[in-house]
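Source file: query_24.cif; contents: mmCIF, C-alpha atoms (C1' of nucleotides).
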data_run
#
loop_
_atom_site.label_atom_id
_atom_site.label_comp_id
_atom_site.auth_asym_id
_atom_site.auth_seq_id
_atom_site.Cartn_x
_atom_site.Cartn_y
_atom_site.Cartn_z
CA MET F 27 -41.33 10.60 19.80
CA SER F 28 -39.51 10.42 23.08
CA ARG F 29 -35.79 9.96 23.30
CA PRO F 30 -34.61 7.07 25.37
CA ALA F 31 -33.28 8.19 28.74
CA VAL F 32 -29.84 6.82 27.89
CA MET F 33 -28.72 7.42 24.32
CA ARG F 34 -26.68 4.59 22.92
CA ARG F 35 -23.47 6.31 21.99
CA MET F 36 -21.83 5.39 18.75
CA GLN F 37 -18.53 3.64 18.65
CA GLU F 38 -15.74 6.15 18.23
CA ILE F 39 -12.10 5.69 17.41
CA ALA F 40 -9.25 7.11 19.42
CA HIS F 41 -5.90 7.56 17.71
CA VAL F 42 -2.92 7.81 20.04
CA ASP F 43 0.47 8.87 18.73
CA VAL F 44 3.69 9.51 20.64
CA ASN F 45 5.14 12.93 19.87
CA CYS F 46 8.46 12.64 17.96
CA PHE F 47 8.69 9.09 19.24
CA TYR F 48 12.38 8.22 18.92
CA ALA F 49 13.50 11.49 20.46
CA SER F 50 10.96 11.12 23.27
CA ALA F 51 12.10 7.55 23.92
CA GLU F 52 15.68 8.79 24.25
CA ARG F 53 14.54 11.45 26.72
CA VAL F 54 12.91 8.89 28.98
CA PHE F 55 16.31 7.77 30.22
CA ASN F 56 18.25 10.91 29.53
CA PRO F 57 16.32 13.82 31.01
CA ALA F 58 19.20 16.13 30.16
CA LEU F 59 17.81 16.02 26.63
CA GLU F 60 14.58 17.61 27.81
CA GLY F 61 14.16 21.09 26.34
CA ARG F 62 17.13 20.71 24.00
CA PRO F 63 17.05 20.21 20.24
CA VAL F 64 17.37 16.45 19.67
CA ILE F 65 17.39 14.48 16.44
CA VAL F 66 17.59 10.75 15.85
CA LEU F 67 19.41 9.59 12.76
CA SER F 68 18.54 6.88 10.26
CA ASN F 69 20.64 3.77 9.72
CA ASN F 70 24.30 4.51 9.16
CA ASP F 71 23.73 7.90 10.76
CA GLY F 72 22.53 9.08 7.36
CA CYS F 73 19.80 11.62 7.95
CA ALA F 74 17.43 13.01 10.57
CA VAL F 75 14.33 10.86 10.93
CA THR F 76 12.96 12.28 14.17
CA ARG F 77 13.21 15.82 15.45
CA SER F 78 12.20 17.25 18.79
CA PRO F 79 10.10 20.43 18.55
CA GLU F 80 13.22 22.42 19.44
CA ALA F 81 15.06 20.85 16.51
CA LYS F 82 12.15 21.58 14.17
CA ARG F 83 12.24 25.19 15.29
CA LEU F 84 15.86 25.34 14.16
CA GLY F 85 14.59 24.59 10.68
CA ILE F 86 15.86 21.04 10.57
CA GLY F 87 13.76 19.08 8.12
CA LEU F 88 12.76 15.44 8.03
CA GLY F 89 15.44 13.65 6.03
CA ASP F 90 18.05 16.37 6.31
CA PRO F 91 21.44 14.65 5.93
CA TRP F 92 23.58 14.62 9.04
CA PHE F 93 26.71 15.67 7.19
CA LYS F 94 25.03 18.98 6.41
CA LEU F 95 23.82 19.53 9.98
CA ARG F 96 26.95 18.48 11.78
CA PRO F 97 28.99 21.66 11.17
CA ARG F 98 26.36 23.72 13.00
CA ALA F 99 25.41 21.20 15.68
CA LYS F 100 27.67 22.72 18.30
CA GLU F 101 26.50 26.27 17.79
CA TRP F 102 22.91 25.05 17.97
CA GLY F 103 23.45 22.82 20.99
CA LEU F 104 21.96 20.08 18.82
CA VAL F 105 22.12 16.50 20.09
CA ALA F 106 22.18 13.85 17.37
CA LEU F 107 21.69 10.20 18.26
CA SER F 108 21.97 7.00 16.26
CA SER F 109 18.76 5.03 16.15
CA ASN F 110 18.46 2.56 19.00
CA TYR F 111 15.67 0.27 17.86
CA GLU F 112 15.96 -2.02 20.81
CA LEU F 113 15.14 0.84 23.16
CA TYR F 114 12.29 2.12 20.97
CA GLY F 115 10.75 -1.32 20.65
CA ASP F 116 10.72 -1.69 24.40
CA ILE F 117 9.24 1.76 25.06
CA SER F 118 6.65 1.04 22.39
CA ALA F 119 5.63 -2.21 24.08
CA ARG F 120 5.15 -0.35 27.35
CA VAL F 121 2.96 2.29 25.72
CA MET F 122 0.83 -0.35 23.99
CA GLU F 123 0.43 -2.42 27.12
CA LEU F 124 -0.73 0.68 28.95
CA LEU F 125 -3.20 1.67 26.21
CA GLY F 126 -4.57 -1.87 26.20
CA ARG F 127 -5.94 -1.17 29.66
CA TYR F 128 -8.23 1.52 28.26
CA SER F 129 -9.90 -0.58 25.60
CA ALA F 130 -10.11 -4.24 24.72
CA TRP F 131 -10.15 -3.12 21.13
CA LEU F 132 -6.63 -1.98 20.44
CA GLU F 133 -4.98 -1.96 17.04
CA VAL F 134 -1.25 -1.34 17.18
CA TYR F 135 -0.78 0.52 13.94
CA SER F 136 2.94 1.26 14.09
CA ILE F 137 5.76 1.46 16.56
CA ASP F 138 4.35 4.68 18.04
CA GLU F 139 0.67 4.74 17.04
CA ALA F 140 -2.46 2.88 17.99
CA PHE F 141 -6.18 3.01 17.31
CA LEU F 142 -8.60 2.15 20.10
CA GLY F 143 -12.31 1.55 19.91
CA VAL F 144 -13.96 3.75 22.55
CA LYS F 145 -17.52 4.40 23.70
CA GLY F 146 -19.08 6.94 25.98
CA GLU F 147 -20.68 10.34 26.40
CA PRO F 148 -18.78 13.24 24.79
CA ASP F 149 -17.29 14.47 28.05
CA GLU F 150 -16.41 10.93 29.12
CA LEU F 151 -14.48 10.46 25.90
CA LEU F 152 -12.53 13.64 26.44
CA VAL F 153 -11.77 12.53 30.00
CA LEU F 154 -10.63 9.16 28.68
CA GLY F 155 -8.33 10.82 26.14
CA ARG F 156 -6.77 13.00 28.81
CA ALA F 157 -6.35 10.02 31.10
CA MET F 158 -4.47 8.08 28.42
CA LYS F 159 -2.25 11.05 27.76
CA ALA F 160 -1.45 11.51 31.42
CA ALA F 161 -0.81 7.79 31.93
CA CYS F 162 1.68 7.58 29.05
CA ARG F 163 3.56 10.53 30.48
CA ARG F 164 3.45 9.31 34.05
CA HIS F 165 4.00 5.57 33.65
CA VAL F 166 6.17 5.36 30.55
CA GLY F 167 7.56 8.87 30.35
CA VAL F 168 6.57 9.83 26.82
CA PRO F 169 4.30 12.65 25.61
CA VAL F 170 1.38 11.56 23.42
CA CYS F 171 -1.49 13.28 21.66
CA VAL F 172 -4.97 11.83 21.21
CA GLY F 173 -7.52 12.31 18.44
CA ILE F 174 -11.06 10.95 18.84
CA ALA F 175 -13.52 10.76 15.95
CA PRO F 176 -16.08 8.55 14.21
CA THR F 177 -13.52 7.35 11.62
CA LYS F 178 -9.83 6.52 11.54
CA THR F 179 -9.05 9.24 9.01
CA LEU F 180 -10.76 11.90 11.13
CA ALA F 181 -9.14 10.54 14.31
CA LYS F 182 -5.74 10.99 12.70
CA LEU F 183 -6.68 14.48 11.61
CA CYS F 184 -7.84 15.36 15.13
CA ASN F 185 -4.59 14.00 16.49
CA LYS F 186 -2.72 16.37 14.20
CA TRP F 187 -4.82 19.25 15.41
CA ALA F 188 -4.20 18.23 18.99
CA LYS F 189 -0.48 18.31 18.26
CA ASN F 190 -0.36 21.61 16.43
CA ASN F 191 -2.94 23.63 18.30
CA PRO F 192 -1.98 24.25 21.95
CA ALA F 193 -5.58 25.18 22.81
CA PHE F 194 -6.53 21.51 22.56
CA ASN F 195 -4.01 20.52 25.24
CA GLY F 196 -3.06 17.41 23.33
CA VAL F 197 -6.53 15.89 23.09
CA CYS F 198 -9.01 16.68 20.34
CA ARG F 199 -12.40 15.10 19.71
CA TRP F 200 -14.06 15.73 16.36
CA GLU F 201 -17.62 16.07 17.59
CA SER F 202 -16.56 18.34 20.43
CA VAL F 203 -15.14 20.95 18.07
CA PRO F 204 -17.76 23.40 16.76
CA VAL F 205 -18.51 22.91 13.06
CA GLU F 206 -17.36 26.42 12.13
CA GLN F 207 -14.02 25.87 13.82
CA ARG F 208 -13.57 22.49 12.12
CA GLU F 209 -14.28 23.99 8.73
CA ALA F 210 -11.93 26.88 9.33
CA LEU F 211 -9.17 24.43 10.25
CA MET F 212 -9.92 22.21 7.25
CA ALA F 213 -10.03 25.15 4.88
CA ARG F 214 -6.49 26.19 5.68
CA LEU F 215 -4.87 22.76 5.56
CA SER F 216 -3.70 21.17 2.32
CA VAL F 217 -4.99 17.74 1.31
CA ILE F 218 -1.43 16.48 1.78
CA GLU F 219 -2.07 16.50 5.54
CA ILE F 220 -4.60 13.71 5.13
CA TRP F 221 -3.69 10.09 5.85
CA GLY F 222 -3.20 8.37 2.50
CA VAL F 223 -2.52 11.50 0.46
CA ALA F 224 1.08 12.34 -0.41
CA THR F 225 2.83 14.38 -3.10
CA ARG F 226 1.58 12.57 -6.21
CA LEU F 227 -2.05 12.52 -5.22
CA THR F 228 -1.85 16.11 -4.02
CA LYS F 229 -0.66 17.18 -7.47
CA ARG F 230 -3.49 15.35 -9.18
CA LEU F 231 -6.08 16.70 -6.76
CA ASN F 232 -4.80 20.24 -7.17
CA ALA F 233 -5.11 19.89 -10.92
CA MET F 234 -8.83 19.27 -10.36
CA GLY F 235 -9.20 22.33 -8.16
CA ILE F 236 -9.12 20.41 -4.88
CA PHE F 237 -6.61 22.05 -2.58
CA SER F 238 -7.80 22.09 1.01
CA ILE F 239 -9.09 19.31 3.22
CA LEU F 240 -12.43 21.08 3.11
CA ASP F 241 -12.42 20.88 -0.71
CA LEU F 242 -11.74 17.17 -0.50
CA THR F 243 -14.42 16.62 2.11
CA ARG F 244 -16.97 18.21 -0.22
CA ALA F 245 -15.91 16.19 -3.25
CA ASN F 246 -18.18 13.54 -4.70
CA PRO F 247 -16.91 10.15 -3.53
CA VAL F 248 -18.04 8.38 -6.71
CA ALA F 249 -16.35 10.89 -8.97
CA ILE F 250 -13.23 10.51 -6.85
CA ARG F 251 -13.36 6.73 -7.23
CA ASP F 252 -13.56 7.06 -11.01
CA LYS F 253 -10.70 9.54 -11.26
CA PHE F 254 -8.52 7.96 -8.57
CA SER F 255 -9.12 4.70 -6.77
CA ILE F 256 -11.26 2.95 -4.27
CA VAL F 257 -8.73 3.93 -1.62
CA MET F 258 -9.21 7.62 -2.30
CA MET F 259 -12.97 7.20 -2.23
CA ARG F 260 -12.72 5.63 1.20
CA THR F 261 -10.68 8.60 2.35
CA VAL F 262 -13.39 11.02 1.20
CA LEU F 263 -16.13 8.98 2.84
CA GLU F 264 -14.15 8.83 6.05
CA LEU F 265 -13.71 12.60 5.98
CA GLN F 266 -17.48 12.83 5.66
CA GLY F 267 -17.87 10.72 8.79
CA THR F 268 -18.61 7.31 7.27
CA PRO F 269 -16.25 4.64 8.62
CA CYS F 270 -14.71 2.68 5.72
CA ILE F 271 -11.41 1.59 7.18
CA PRO F 272 -12.18 -1.13 9.71
CA MET F 273 -10.23 -1.90 12.83
CA GLU F 274 -7.90 -4.74 11.95
CA GLU F 275 -6.95 -7.89 13.70
CA GLU F 276 -3.32 -8.37 14.44
CA ARG F 277 -1.42 -9.10 11.26
CA ILE F 278 -0.26 -12.68 11.38
CA GLY F 279 0.52 -13.87 7.91
CA ARG F 280 3.03 -11.95 5.88
CA ASP F 281 3.56 -12.29 2.16
CA GLN F 282 7.22 -11.55 2.21
CA LEU F 283 10.17 -10.76 4.42
CA ILE F 284 12.96 -8.47 3.35
CA PHE F 285 16.40 -8.15 4.85
CA SER F 286 18.29 -5.32 3.34
CA ARG F 287 20.60 -2.58 4.42
CA SER F 288 22.84 0.11 3.09
CA PHE F 289 26.47 -0.33 4.05
CA SER F 290 28.53 2.21 5.91
CA THR F 291 31.30 1.58 3.36
CA PRO F 292 30.67 0.11 -0.10
CA ILE F 293 31.45 -3.54 -0.75
CA THR F 294 33.55 -4.11 -3.81
CA THR F 295 34.20 -7.84 -3.80
CA ALA F 296 32.21 -10.98 -4.38
CA ALA F 297 33.73 -12.38 -1.20
CA GLY F 298 32.32 -9.46 0.77
CA LEU F 299 28.88 -9.90 -0.72
CA ARG F 300 29.03 -13.63 -0.08
CA GLN F 301 29.43 -12.88 3.59
CA VAL F 302 26.57 -10.40 3.56
CA MET F 303 24.32 -12.89 1.79
CA SER F 304 25.16 -15.52 4.40
CA VAL F 305 24.19 -13.25 7.25
CA TYR F 306 20.92 -12.15 5.68
CA ALA F 307 20.00 -15.72 4.81
CA GLN F 308 20.51 -16.71 8.41
CA MET F 309 18.47 -13.78 9.66
CA ALA F 310 15.70 -14.80 7.30
CA SER F 311 15.92 -18.37 8.49
CA ALA F 312 15.58 -17.33 12.11
CA ARG F 313 12.64 -15.05 11.40
CA LEU F 314 10.85 -17.70 9.38
CA ALA F 315 11.37 -20.28 12.11
CA LYS F 316 10.12 -17.87 14.74
CA HIS F 317 6.84 -17.44 12.89
CA ASP F 318 6.59 -21.09 11.84
CA LEU F 319 6.88 -20.17 8.20
CA GLN F 320 8.62 -21.59 5.20
CA ALA F 321 9.57 -19.85 1.99
CA LYS F 322 9.37 -21.17 -1.53
CA VAL F 323 11.23 -18.38 -3.27
CA LEU F 324 14.32 -16.36 -2.42
CA THR F 325 15.43 -13.24 -4.23
CA ALA F 326 18.91 -11.86 -3.67
CA PHE F 327 20.03 -8.44 -4.86
CA ALA F 328 22.75 -5.84 -4.63
CA ALA F 329 22.84 -2.26 -5.82
CA THR F 330 25.26 0.55 -6.50
CA SER F 331 24.50 4.09 -5.35
CA HIS F 332 21.71 5.97 -7.09
CA PHE F 333 23.86 9.06 -6.71
CA ASN F 334 26.59 7.67 -8.89
CA PRO F 335 25.35 7.54 -12.47
CA ASN F 336 28.75 6.41 -13.78
CA GLU F 337 28.68 3.04 -12.13
CA LYS F 338 25.24 1.50 -12.29
CA SER F 339 24.79 -2.12 -11.39
CA PHE F 340 21.73 -3.80 -9.92
CA PRO F 341 22.32 -7.54 -10.02
CA SER F 342 19.54 -9.75 -8.73
CA VAL F 343 18.53 -13.38 -8.86
CA CYS F 344 15.33 -15.14 -8.05
CA VAL F 345 15.74 -18.71 -6.83
CA ALA F 346 12.90 -21.20 -6.64
CA LEU F 347 13.74 -23.27 -3.58
CA PRO F 348 13.62 -27.04 -4.05
CA MET F 349 10.99 -27.23 -1.31
CA PRO F 350 9.32 -24.81 1.09
CA THR F 351 11.95 -24.24 3.72
CA ALA F 352 13.31 -22.17 6.57
CA ASP F 353 16.61 -24.01 6.57
CA PRO F 354 19.58 -21.67 6.91
CA VAL F 355 21.79 -23.96 4.82
CA LEU F 356 19.40 -24.03 1.90
CA LEU F 357 18.64 -20.31 2.13
CA THR F 358 22.31 -19.40 2.30
CA LYS F 359 23.08 -21.55 -0.70
CA ALA F 360 20.25 -19.94 -2.63
CA ALA F 361 21.38 -16.43 -1.70
CA HIS F 362 24.85 -17.19 -3.02
CA ALA F 363 23.37 -17.57 -6.47
CA LEU F 364 23.76 -13.81 -6.70
CA LEU F 365 27.54 -13.99 -6.66
CA PRO F 366 28.23 -14.91 -10.31
CA GLN F 367 26.44 -11.69 -11.26
CA VAL F 368 28.49 -9.29 -9.21
CA HIS F 369 31.36 -7.38 -10.78
CA GLU F 370 34.57 -7.41 -8.86
CA GLY F 371 35.59 -3.82 -8.06
CA THR F 372 32.15 -2.29 -8.42
CA LYS F 373 31.03 -0.34 -5.38
CA TYR F 374 27.87 -1.89 -3.97
CA VAL F 375 26.25 0.25 -1.30
CA ARG F 376 23.24 -1.91 -0.62
CA ALA F 377 22.31 -5.57 -0.75
CA GLY F 378 19.67 -7.83 0.60
CA ILE F 379 17.50 -10.85 0.25
CA MET F 380 13.77 -11.30 0.11
CA VAL F 381 11.89 -14.50 0.85
CA THR F 382 8.46 -14.78 -0.70
CA ASP F 383 5.67 -17.25 -1.22
CA LEU F 384 5.57 -17.90 2.50
CA ARG F 385 3.45 -20.60 4.05
CA PRO F 386 2.93 -22.08 7.48
CA SER F 387 5.39 -24.88 8.15
CA GLY F 388 3.31 -26.85 10.60
CA ASN F 389 0.40 -28.42 8.78
CA GLN F 390 1.72 -30.81 6.20
CA LYS F 391 4.90 -32.78 6.67
CA PRO F 392 6.98 -33.16 3.56
CA LEU F 393 7.50 -36.65 2.16
CA GLU F 394 10.18 -38.36 4.13
CA ILE F 395 12.72 -38.41 1.35
CA PHE F 396 12.51 -34.63 1.19
CA GLU F 397 12.89 -34.09 4.88
CA ASN F 398 15.79 -31.98 5.74
CA PRO F 399 18.06 -32.89 8.63
CA HIS F 400 18.90 -29.28 9.50
CA GLU F 401 15.32 -28.33 9.86
CA GLU F 402 14.62 -31.01 12.39
CA ARG F 403 17.11 -29.49 14.72
CA SER F 404 15.93 -25.92 14.16
CA ILE F 405 19.39 -24.68 13.38
CA GLY F 406 17.98 -21.26 12.54
CA ILE F 407 16.70 -20.75 16.05
CA LEU F 408 19.86 -22.17 17.53
CA LEU F 409 22.06 -19.79 15.58
CA GLU F 410 19.90 -16.85 16.55
CA ASP F 411 20.05 -17.88 20.17
CA VAL F 412 23.80 -18.14 20.28
CA ALA F 413 24.19 -14.89 18.39
CA LYS F 414 22.00 -13.16 20.94
CA ARG F 415 23.92 -14.52 23.85
CA TYR F 416 27.44 -14.15 22.60
CA GLY F 417 27.13 -11.44 19.98
CA ARG F 418 26.84 -11.45 16.22
CA GLY F 419 29.89 -12.87 14.56
CA SER F 420 30.36 -15.44 17.29
CA ILE F 421 28.53 -18.06 15.32
CA GLY F 422 27.39 -18.48 11.78
CA LEU F 423 27.24 -20.75 8.83
CA GLY F 424 29.97 -20.53 6.29
CA HIS F 425 31.09 -17.02 5.67
CA ALA F 426 28.68 -15.47 8.12
CA GLY F 427 30.79 -16.79 10.95
CA ILE F 428 34.05 -15.18 9.99
CA LYS F 429 35.18 -12.34 12.16
CA GLY F 430 37.39 -9.61 10.85
CA GLY F 431 36.09 -9.68 7.32
CA PRO F 432 35.22 -6.52 5.43
CA ASP F 433 33.45 -3.94 7.58
CA TRP F 434 29.90 -3.67 6.38
CA SER F 435 28.25 -3.23 9.71
CA MET F 436 26.00 -0.31 10.43
CA LYS F 437 27.56 2.94 11.39
CA ARG F 438 26.11 4.02 14.70
CA ASP F 439 28.57 6.43 16.24
CA MET F 440 26.14 8.09 18.60
CA LEU F 441 24.23 5.18 20.02
CA SER F 442 22.57 5.51 23.39
CA PRO F 443 22.57 2.55 25.80
CA ARG F 444 19.87 -0.09 25.50
CA TYR F 445 18.66 0.98 28.93
CA THR F 446 15.79 -1.42 29.29
CA THR F 447 16.87 -4.59 27.56
CA HIS F 448 20.52 -5.19 28.53
CA TRP F 449 21.58 -5.59 32.11
CA ASP F 450 24.96 -4.00 31.53
CA GLU F 451 23.37 -0.91 30.01
CA LEU F 452 20.88 -0.17 32.77
CA PRO F 453 20.61 3.48 33.71
CA LEU F 454 22.19 4.34 37.04
CA VAL F 455 20.38 6.52 39.51
CA LYS F 456 22.46 8.32 42.11
CA ALA F 457 20.73 9.15 45.36
CA ALA F 458 22.01 12.26 47.04
"C1'" DA K 26 -0.21 -13.55 -11.69
"C1'" DT K 27 2.91 -9.89 -11.60
"C1'" DG K 28 5.14 -5.40 -11.75
"C1'" DA K 29 4.58 -0.47 -11.35
"C1'" DG K 30 3.11 3.09 -8.63
"C1'" DC K 31 1.97 5.21 -4.44
"C1'" DC K 32 1.84 5.48 0.31
"C1'" DA K 33 2.96 5.19 5.70
"C1'" DG K 34 5.94 5.58 9.38
"C1'" DG C 3 31.31 11.57 0.17
"C1'" DA C 4 27.47 11.39 2.58
"C1'" DT C 5 19.97 11.49 1.14
"C1'" DT C 6 16.41 4.99 5.63
"C1'" DC C 7 14.04 0.78 5.42
"C1'" DT C 8 10.25 -2.30 5.25
"C1'" DG C 9 5.75 -3.55 4.09
"C1'" DG C 10 0.99 -2.81 2.37
"C1'" DC C 11 -2.47 -1.97 -1.22
"C1'" DT C 12 -4.50 -1.09 -5.91
"C1'" DC C 13 -4.47 -0.91 -10.71
"C1'" DA C 14 -2.99 -2.02 -15.28
"C1'" DT C 15 -1.16 -5.43 -17.96
#
As structure tokens:
Amino acid sequence: MSRPAVMRRMQEIAHVDVNCFYASAERVFNPALEGRPVIVLSNNDGCAVTRSPEAKRLGIGLGDPWFKLRPRAKEWGLVALSSNYELYGDISARVMELLGRYSAWLEVYSIDEAFLGVKGEPDELLVLGRAMKAACRRHVGVPVCVGIAPTKTLAKLCNKWAKNNPAFNGVCRWESVPVEQREALMARLSVIEIWGVATRLTKRLNAMGIFSILDLTRANPVAIRDKFSIVMMRTVLELQGTPCIPMEEERIGRDQLIFSRSFSTPITTAAGLRQVMSVYAQMASARLAKHDLQAKVLTAFAATSHFNPNEKSFPSVCVALPMPTADPVLLTKAAHALLPQVHEGTKYVRAGIMVTDLRPSGNQKPLEIFENPHEERSIGILLEDVAKRYGRGSIGLGHAGIKGGPDWSMKRDMLSPRYTTHWDELPLVKAA
DNA sequence: ATGAGCCAG
DNA sequence: GATTCTGGCTCAT
């Protein structure tokens, strides 16, 4: 048997992930943050969700509450920033656009991660990985790592190795790592490092004597399916090199939309919650209209703090809408059905609405007698437009439009400018 | 069909 | 005093 002169290389999958994305995005426009410990905080400046390597080295953990870090921030030289989603979304779009040039087959997996279908000889693939890494640094300004492997699960694992093992220089390809080295790495990493395995599954696996990634790789996929689930079996097969998790098309249809937030200060009145419900209903309306969707069901809820066992209250209502709709008036009215259930004086720290049973609005027109006048004029979009131009609180239906009500806005004391999306927050460059 | 459970980022 | 938020999937009922 003679080998063909040109071997047809198998499809491989590259996984690209921005290192500590939010912190890196902040550094793009604030180079003074380079080399310093930086953390980005969750909504309401609650806890650390992203840490630069320098911050990790200080022992700051994911989810560490800011109030515990703050006393030592100065001594550490720690910079804490409120999350600036507008900036991150824009940086993300730039990264994804750039990656799209390297493969027609790009799956944007999250705000800072993507899978790409790639083909080529082993050394070509490594060159490609390094090129993508260099391009993200050069053209967008963020550091990324790249993992390349026959399956998504292995590509994610390689990416982790690329991140944690300086010898890889940020790019790691499964097949290019000698088997003995791979097994040594897998033997000393816990199964919890694997995509799809978290604390619960780790406990159950450990109970069966499966501790390391190598243990899991050598497990019998069928036995795993019987003891766990089809998902876990796929993970094992993927570790063994059999692709089971396909590249996905862009998600278009969603089953539900949720608008929910914790408040910076608790809301204790029905009037306050009424206002919150109005705002969320209008946000939902705008989002539905944007995607040409209508909802049939709206659920509204509020909740007291889980950390206060003395005052537990979790009111919620589920409203079947009279017809599938994206109408802000109807949604607001439905959301207000929650109000009779709220106790005056109780401290609600969180509330939200969820619209479910979504369907495309385009295809079938409702009977004329059911047609809704608001919908025709796309009030949802209009409201959103005005709010964008003149600021939230400048327009709104009912109680959403009142300024100076109770303060339930997000606490973001350390917000960086939206450098790339607002003209008045552009970075200034001074030439010497 | 729906809720509980688990997971990702 | 303070501990994210949103969305997806599978399995059991």
Select, as a ChimeraX atom specification, those residues of chain C with any atom no more than 9 Å from chain F (distances computed using only C-alpha atoms (C1' of nucleotides)). /C:4-9,11-13
Write a file of the selected residues as a CSV table (one decimal), in the frame of the given file, keeping C-alpha atoms (C1' of nucleotides).
chain,number,residue,atom,x,y,z
C,4,DA,C1',27.5,11.4,2.6
C,5,DT,C1',20.0,11.5,1.1
C,6,DT,C1',16.4,5.0,5.6
C,7,DC,C1',14.0,0.8,5.4
C,8,DT,C1',10.2,-2.3,5.2
C,9,DG,C1',5.8,-3.6,4.1
C,11,DC,C1',-2.5,-2.0,-1.2
C,12,DT,C1',-4.5,-1.1,-5.9
C,13,DC,C1',-4.5,-0.9,-10.7
If I take atom CA of Arg214 of chain F and atom CA of Ile236 of chain F, how far is one from the other in Å, to one decimal?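 If I compute the distance from atom CA of Arg214 of chain F to atom CA of Ile236 of chain F, I get 12.3 Å.
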Please identify all residues of chain K having at least one atom at most 9 Å from any atom of chain F, considering all atoms listed in the file, and return them as a ChimeraX atom specification. /K:31-34
Distance atom CA of Ala49 of chain F-atom CA of Ser108 of chain F, one decimal place?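 Pair atom CA of Ala49 of chain F / atom CA of Ser108 of chain F returns 10.5 Å.
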Could you please determine the separation between atom CA of Trp131 of chain F and atom CA of Ile174 of chain F in Å, to one decimal place? 14.3 Å
Leaving out DA14 of chain C and any residue of its chain fewer than 5 positions from it, which residues lie within 12 Å of it when counting only C-alpha atoms (C1' of nucleotides), given as a ChimeraX atom specification? /K:27-30
Neighbouring residues of Val368 of chain F were defined as those with any atom within 12 Å, considering only C-alpha atoms (C1' of nucleotides); residues of the same chain fewer than 4 positions away were excluded. Please report them as a PyMOL selection string. chain F and resi 293-300+326-330+338-343+362-364+372-374+377
May I have the selected residues written with C-alpha atoms, as a PDB file, in the coordinates of the input?
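Final output, saved to selection_37.pdb:
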ATOM      1  CA  ILE F 293      31.450  -3.540  -0.750  1.00  0.00           C
ATOM      2  CA  THR F 294      33.550  -4.110  -3.810  1.00  0.00           C
ATOM      3  CA  THR F 295      34.200  -7.840  -3.800  1.00  0.00           C
ATOM      4  CA  ALA F 296      32.210 -10.980  -4.380  1.00  0.00           C
ATOM      5  CA  ALA F 297      33.730 -12.380  -1.200  1.00  0.00           C
ATOM      6  CA  GLY F 298      32.320  -9.460   0.770  1.00  0.00           C
ATOM      7  CA  LEU F 299      28.880  -9.900  -0.720  1.00  0.00           C
ATOM      8  CA  ARG F 300      29.030 -13.630  -0.080  1.00  0.00           C
ATOM      9  CA  ALA F 326      18.910 -11.860  -3.670  1.00  0.00           C
ATOM     10  CA  PHE F 327      20.030  -8.440  -4.860  1.00  0.00           C
ATOM     11  CA  ALA F 328      22.750  -5.840  -4.630  1.00  0.00           C
ATOM     12  CA  ALA F 329      22.840  -2.260  -5.820  1.00  0.00           C
ATOM     13  CA  THR F 330      25.260   0.550  -6.500  1.00  0.00           C
ATOM     14  CA  LYS F 338      25.240   1.500 -12.290  1.00  0.00           C
ATOM     15  CA  SER F 339      24.790  -2.120 -11.390  1.00  0.00           C
ATOM     16  CA  PHE F 340      21.730  -3.800  -9.920  1.00  0.00           C
ATOM     17  CA  PRO F 341      22.320  -7.540 -10.020  1.00  0.00           C
ATOM     18  CA  SER F 342      19.540  -9.750  -8.730  1.00  0.00           C
ATOM     19  CA  VAL F 343      18.530 -13.380  -8.860  1.00  0.00           C
ATOM     20  CA  HIS F 362      24.850 -17.190  -3.020  1.00  0.00           C
ATOM     21  CA  ALA F 363      23.370 -17.570  -6.470  1.00  0.00           C
ATOM     22  CA  LEU F 364      23.760 -13.810  -6.700  1.00  0.00           C
ATOM     23  CA  THR F 372      32.150  -2.290  -8.420  1.00  0.00           C
ATOM     24  CA  LYS F 373      31.030  -0.340  -5.380  1.00  0.00           C
ATOM     25  CA  TYR F 374      27.870  -1.890  -3.970  1.00  0.00           C
ATOM     26  CA  ALA F 377      22.310  -5.570  -0.750  1.00  0.00           C
TER      27      ALA F 377
END
Sphere at (-13.6, 13.0, 21.9), radius 6 Å, counting only C-alpha atoms (C1' of nucleotides): residues as a count of residues only: 5
I need the output of the PyMOL selection byres ((chain F and resi 344) around 6) for this file as a ChimeraX atom specification; which residues are they? /F:324-325,343,345
Quick one: everything within 8 Å of Glu38 of chain F, counting only C-alpha atoms (C1' of nucleotides), minus sequence neighbours fewer than 4 positions away in the same chain. Send it as a PDB file with C-alpha atoms, in the frame of the given file.
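Full text of part_31.pdb as output:
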ATOM      1  CA  GLY F 143     -12.310   1.550  19.910  1.00  0.00           C
ATOM      2  CA  VAL F 144     -13.960   3.750  22.550  1.00  0.00           C
ATOM      3  CA  LYS F 145     -17.520   4.400  23.700  1.00  0.00           C
ATOM      4  CA  ILE F 174     -11.060  10.950  18.840  1.00  0.00           C
ATOM      5  CA  ALA F 175     -13.520  10.760  15.950  1.00  0.00           C
ATOM      6  CA  PRO F 176     -16.080   8.550  14.210  1.00  0.00           C
ATOM      7  CA  THR F 177     -13.520   7.350  11.620  1.00  0.00           C
TER       8      THR F 177
END
